[in-house]
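What follows is the content of work.tsv (TSV, C-alpha atoms).
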```tsv
chain	number	residue	atom	x	y	z
P	1	MET	CA	-4.99	-22.10	7.80
P	2	GLN	CA	-1.71	-23.56	6.63
P	3	LYS	CA	-0.21	-21.85	3.62
P	4	HIS	CA	1.25	-23.85	0.76
P	5	GLU	CA	4.80	-23.19	-0.41
P	6	LEU	CA	4.80	-21.02	-3.52
P	7	ASP	CA	6.40	-22.70	-6.51
P	8	LYS	CA	8.03	-21.08	-9.53
P	9	ILE	CA	4.73	-20.86	-11.41
P	10	ASP	CA	2.90	-19.23	-8.46
P	11	ARG	CA	5.71	-16.67	-8.20
P	12	LYS	CA	5.56	-15.92	-11.93
P	13	ILE	CA	1.79	-15.43	-11.67
P	14	LEU	CA	2.31	-13.00	-8.77
P	15	ASN	CA	4.85	-11.01	-10.77
P	16	ILE	CA	2.47	-10.79	-13.72
P	17	LEU	CA	-0.42	-9.66	-11.49
P	18	MET	CA	1.72	-7.00	-9.77
P	19	VAL	CA	2.52	-5.42	-13.13
P	20	GLN	CA	-0.97	-5.79	-14.60
P	21	ALA	CA	-3.67	-7.06	-12.25
P	22	LYS	CA	-6.27	-7.01	-15.03
P	23	LYS	CA	-4.25	-9.18	-17.41
P	24	PRO	CA	-6.60	-11.76	-18.94
P	25	LEU	CA	-6.33	-15.27	-17.48
P	26	LYS	CA	-5.75	-16.56	-21.00
P	27	GLU	CA	-2.56	-14.49	-21.33
P	28	ILE	CA	-1.35	-15.48	-17.85
P	29	ALA	CA	-2.01	-19.14	-18.68
P	30	GLU	CA	0.01	-18.83	-21.90
P	31	ALA	CA	2.90	-17.17	-20.03
P	32	VAL	CA	3.13	-19.97	-17.45
P	33	PHE	CA	2.19	-22.86	-19.79
P	34	LEU	CA	-0.93	-23.92	-17.85
P	35	SER	CA	-4.63	-24.10	-18.61
P	36	ILE	CA	-6.91	-21.19	-17.72
P	37	PRO	CA	-8.71	-23.24	-14.99
P	38	ALA	CA	-5.36	-24.23	-13.46
P	39	VAL	CA	-4.21	-20.58	-13.32
P	40	SER	CA	-7.56	-19.49	-11.91
P	41	ALA	CA	-7.34	-22.14	-9.18
P	42	ARG	CA	-3.80	-21.05	-8.26
P	43	ILE	CA	-4.85	-17.39	-8.04
P	44	GLU	CA	-7.89	-18.25	-5.91
P	45	LYS	CA	-5.71	-20.32	-3.57
P	46	MET	CA	-3.16	-17.49	-3.21
P	47	GLU	CA	-6.02	-15.07	-2.45
P	48	ARG	CA	-7.53	-17.44	0.13
P	49	GLU	CA	-4.18	-17.99	1.84
P	50	GLY	CA	-3.42	-14.26	2.00
P	51	TYR	CA	-0.55	-14.06	-0.50
P	52	ILE	CA	-2.72	-11.73	-2.60
P	53	LEU	CA	-4.31	-9.07	-0.41
P	54	GLY	CA	-6.34	-7.32	-3.10
P	55	TYR	CA	-6.32	-5.49	-6.39
P	56	GLN	CA	-6.20	-1.74	-6.88
P	57	ALA	CA	-6.10	0.69	-9.76
P	58	GLU	CA	-3.27	3.21	-9.48
P	59	ILE	CA	-4.93	6.62	-9.74
P	60	ASN	CA	-3.11	9.87	-10.62
P	61	PRO	CA	-3.75	12.09	-7.54
P	62	ALA	CA	-2.99	15.36	-9.36
P	63	LEU	CA	-5.56	14.64	-12.09
P	64	MET	CA	-8.12	13.90	-9.37
P	65	GLY	CA	-7.51	17.27	-7.73
P	66	TYR	CA	-5.08	16.16	-5.01
P	67	GLY	CA	-2.02	18.31	-5.65
P	68	ALA	CA	-0.60	18.32	-2.11
P	69	ARG	CA	1.10	15.07	-1.15
P	70	ALA	CA	3.29	14.53	1.90
P	71	PHE	CA	4.85	12.06	4.28
P	72	ILE	CA	4.33	12.89	7.93
P	73	GLN	CA	6.38	11.51	10.79
P	74	LEU	CA	4.45	11.61	14.05
P	75	GLU	CA	5.55	10.87	17.61
P	76	VAL	CA	2.52	9.24	19.25
P	77	PRO	CA	2.74	8.20	22.92
P	78	GLN	CA	1.61	4.63	23.63
P	79	GLU	CA	-1.48	5.79	25.54
P	80	LYS	CA	-2.74	7.76	22.51
P	81	LYS	CA	-2.14	5.10	19.84
P	82	GLU	CA	-5.65	3.59	19.76
P	83	GLN	CA	-7.23	7.05	19.56
P	84	PHE	CA	-4.78	8.00	16.82
P	85	TYR	CA	-5.47	4.81	14.82
P	86	ARG	CA	-9.21	5.61	14.86
P	87	TYR	CA	-8.47	9.19	13.81
P	88	ALA	CA	-6.16	8.17	10.94
P	89	SER	CA	-8.57	5.47	9.75
P	90	SER	CA	-11.41	7.99	9.58
P	91	HIS	CA	-9.53	10.30	7.18
P	92	PRO	CA	-9.59	9.08	3.55
P	93	GLN	CA	-6.72	11.47	2.80
P	94	VAL	CA	-4.47	9.16	4.84
P	95	MET	CA	-3.31	6.81	2.12
P	96	GLU	CA	-1.12	4.73	4.43
P	97	CYS	CA	-0.12	4.70	8.08
P	98	ASN	CA	2.81	2.68	9.37
P	99	CYS	CA	4.00	2.12	12.94
P	100	VAL	CA	7.79	2.50	12.73
P	101	THR	CA	10.93	2.54	14.85
P	102	GLY	CA	12.95	5.62	15.70
P	103	GLU	CA	12.21	9.04	17.14
P	104	TYR	CA	8.81	9.13	15.43
P	105	SER	CA	6.47	6.19	15.96
P	106	MET	CA	4.18	6.73	12.95
P	107	LEU	CA	4.79	7.41	9.28
P	108	LEU	CA	1.81	8.59	7.27
P	109	GLN	CA	1.43	9.11	3.54
P	110	VAL	CA	-1.27	11.71	2.86
P	111	CYS	CA	-2.83	13.42	-0.14
P	112	PHE	CA	-4.90	16.65	-0.06
P	113	PRO	CA	-6.43	19.01	-2.61
P	114	SER	CA	-4.39	21.98	-1.38
P	115	MET	CA	-1.50	22.99	0.84
P	116	GLU	CA	-4.04	24.74	3.09
P	117	ASP	CA	-5.85	21.43	3.61
P	118	LEU	CA	-2.53	19.72	4.38
P	119	GLU	CA	-1.64	22.49	6.83
P	120	HIS	CA	-5.01	22.11	8.59
P	121	PHE	CA	-4.51	18.35	8.89
P	122	THR	CA	-0.99	18.70	10.29
P	123	GLY	CA	-2.38	21.18	12.82
P	124	GLU	CA	-4.96	18.61	13.94
P	125	LEU	CA	-2.22	15.99	14.31
P	126	GLN	CA	-0.58	18.08	17.06
P	127	GLN	CA	-3.11	16.65	19.54
P	128	PHE	CA	-1.32	13.31	19.20
P	129	GLY	CA	2.27	14.50	19.42
P	130	LYS	CA	5.19	16.11	17.62
P	131	ALA	CA	5.02	15.95	13.82
P	132	ARG	CA	7.46	16.47	10.98
P	133	THR	CA	6.04	16.94	7.48
P	134	HIS	CA	7.84	16.20	4.21
P	135	VAL	CA	6.07	17.62	1.16
P	136	VAL	CA	6.44	15.55	-2.01
P	137	PHE	CA	7.79	17.50	-5.01
P	138	SER	CA	7.90	14.53	-7.39
P	139	THR	CA	7.93	10.73	-7.42
P	140	PRO	CA	10.73	9.48	-9.69
P	141	VAL	CA	10.05	5.84	-8.64
P	142	ARG	CA	6.38	5.00	-8.11
P	143	HIS	CA	5.09	2.30	-5.78
P	144	ARG	CA	5.76	-1.03	-7.46
P	145	GLY	CA	5.15	-3.81	-4.98
P	146	ILE	CA	7.66	-6.34	-3.73
P	147	ARG	CA	10.04	-8.37	-5.82
P	148	VAL	CA	9.00	-12.01	-6.04
P	149	GLU	CA	11.91	-14.34	-6.86
P	150	GLU	CA	10.82	-16.96	-9.37
P	151	SER	CA	13.62	-19.46	-8.82
```

Kindly present the structure from the file in structure tokens form.
Amino acid sequence: MQKHELDKIDRKILNILMVQAKKPLKEIAEAVFLSIPAVSARIEKMEREGYILGYQAEINPALMGYGARAFIQLEVPQEKKEQFYRYASSHPQVMECNCVTGEYSMLLQVCFPSMEDLEHFTGELQQFGKARTHVVFSTPVRHRGIRVEES
């Protein structure tokens, strides 16, 4: 499918949705000076073409009982990658897994109820290769999506 070029209005809509995905269409339409059906059509098109991958609520992990958060760098040999991908995908505590450059080939973001649970998980990861764990003390800048230039 060929993607259309995003115009200034599409980009403004994306910025609005990144800040507040549940913003009423009426308010988005007022902000971009279009009708509600026109805004709805633009959003549907951007979803269909893959510009918008989905919508998620940002949940406070600590209030949900997940007090141990960490980033884990993992060196996974090429021959173990498929097995590792299946393993990581099967663990809901793995919030994100990225294949990266450098000494370590994987970067995981994980969230567990306790440090003991995190320690157990990092022990299991040893079957795939050398790991380095970075425990999160605080998050002064939360995940905020990409910047979409409107010009």

Surrounding residues of segment 107-117 of chain P excluding itself and chain neighbours under 6 positions, 7 Å, all atoms listed in the file, as a PyMOL selection string: chain P and resi 65-74+93-100

Atom pair atom CA of His143 of chain P / atom CA of Ala88 of chain P: separation (Å):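 Answer for the atom CA of His143 of chain P to atom CA of Ala88 of chain P separation: 21.0 Å.
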
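Minimum distance to Val19 of chain P across P:Val141, P:Leu118, P:Leu125, P:Ala57 (counting only C-alpha atoms) occurs at P:Ala57.
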
Closest of P:Pro140, P:Pro92, P:Gly102, P:Pro77 to Phe128 of chain P - atom-to-atom distances counting all atoms listed in the file: P:Pro77

Nearest residue to Tyr55 of chain P from the set P:Arg86, P:Arg42, P:Arg147, P:Lys22 (distances using all atoms listed in the file):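 Residue with the minimum atom-to-atom distance to Tyr55 of chain P: P:Lys22.
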
Atomic separation - atom CA of Ser151 of chain P relative to atom CA of Arg11 of chain P, Å: 8.4 Å

Between atom CA of Asp10 of chain P and atom CA of Met46 of chain P - distance in Å to one decimal: 8.2 Å

Close residues, Lys3 of chain P itself excluded, 12 Å, all atoms listed in the file, min 2 positions apart in chain, as a ChimeraX atom specification: /P:1,5-6,45-51

Could you write those residues out with C-alpha atoms, as an mmCIF file, in the coordinates of the input?
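Final file, selection.cif:
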```
data_model
loop_
_atom_site.group_PDB
_atom_site.id
_atom_site.type_symbol
_atom_site.label_atom_id
_atom_site.label_comp_id
_atom_site.auth_asym_id
_atom_site.auth_seq_id
_atom_site.Cartn_x
_atom_site.Cartn_y
_atom_site.Cartn_z
ATOM 1 C CA MET P 1 -4.990 -22.100 7.800
ATOM 2 C CA GLU P 5 4.800 -23.190 -0.410
ATOM 3 C CA LEU P 6 4.800 -21.020 -3.520
ATOM 4 C CA LYS P 45 -5.710 -20.320 -3.570
ATOM 5 C CA MET P 46 -3.160 -17.490 -3.210
ATOM 6 C CA GLU P 47 -6.020 -15.070 -2.450
ATOM 7 C CA ARG P 48 -7.530 -17.440 0.130
ATOM 8 C CA GLU P 49 -4.180 -17.990 1.840
ATOM 9 C CA GLY P 50 -3.420 -14.260 2.000
ATOM 10 C CA TYR P 51 -0.550 -14.060 -0.500
#
```

Selection near Met18 of chain P, 9 Å with all atoms listed in the file, sequence-local residues under 6 positions removed, as number ranges by chain: P: 55, 144-146

Surrounding residues of Lys12 of chain P excluding itself and chain neighbours under 5 positions, 10 Å, all atoms listed in the file, as a PyMOL selection string: chain P and resi 6-7+17-18+28+31-32+148-151

Nearest candidate to Leu53 of chain P (options P:Ile9, P:Leu14, P:Ala38, P:Val135; using only C-alpha atoms): P:Leu14
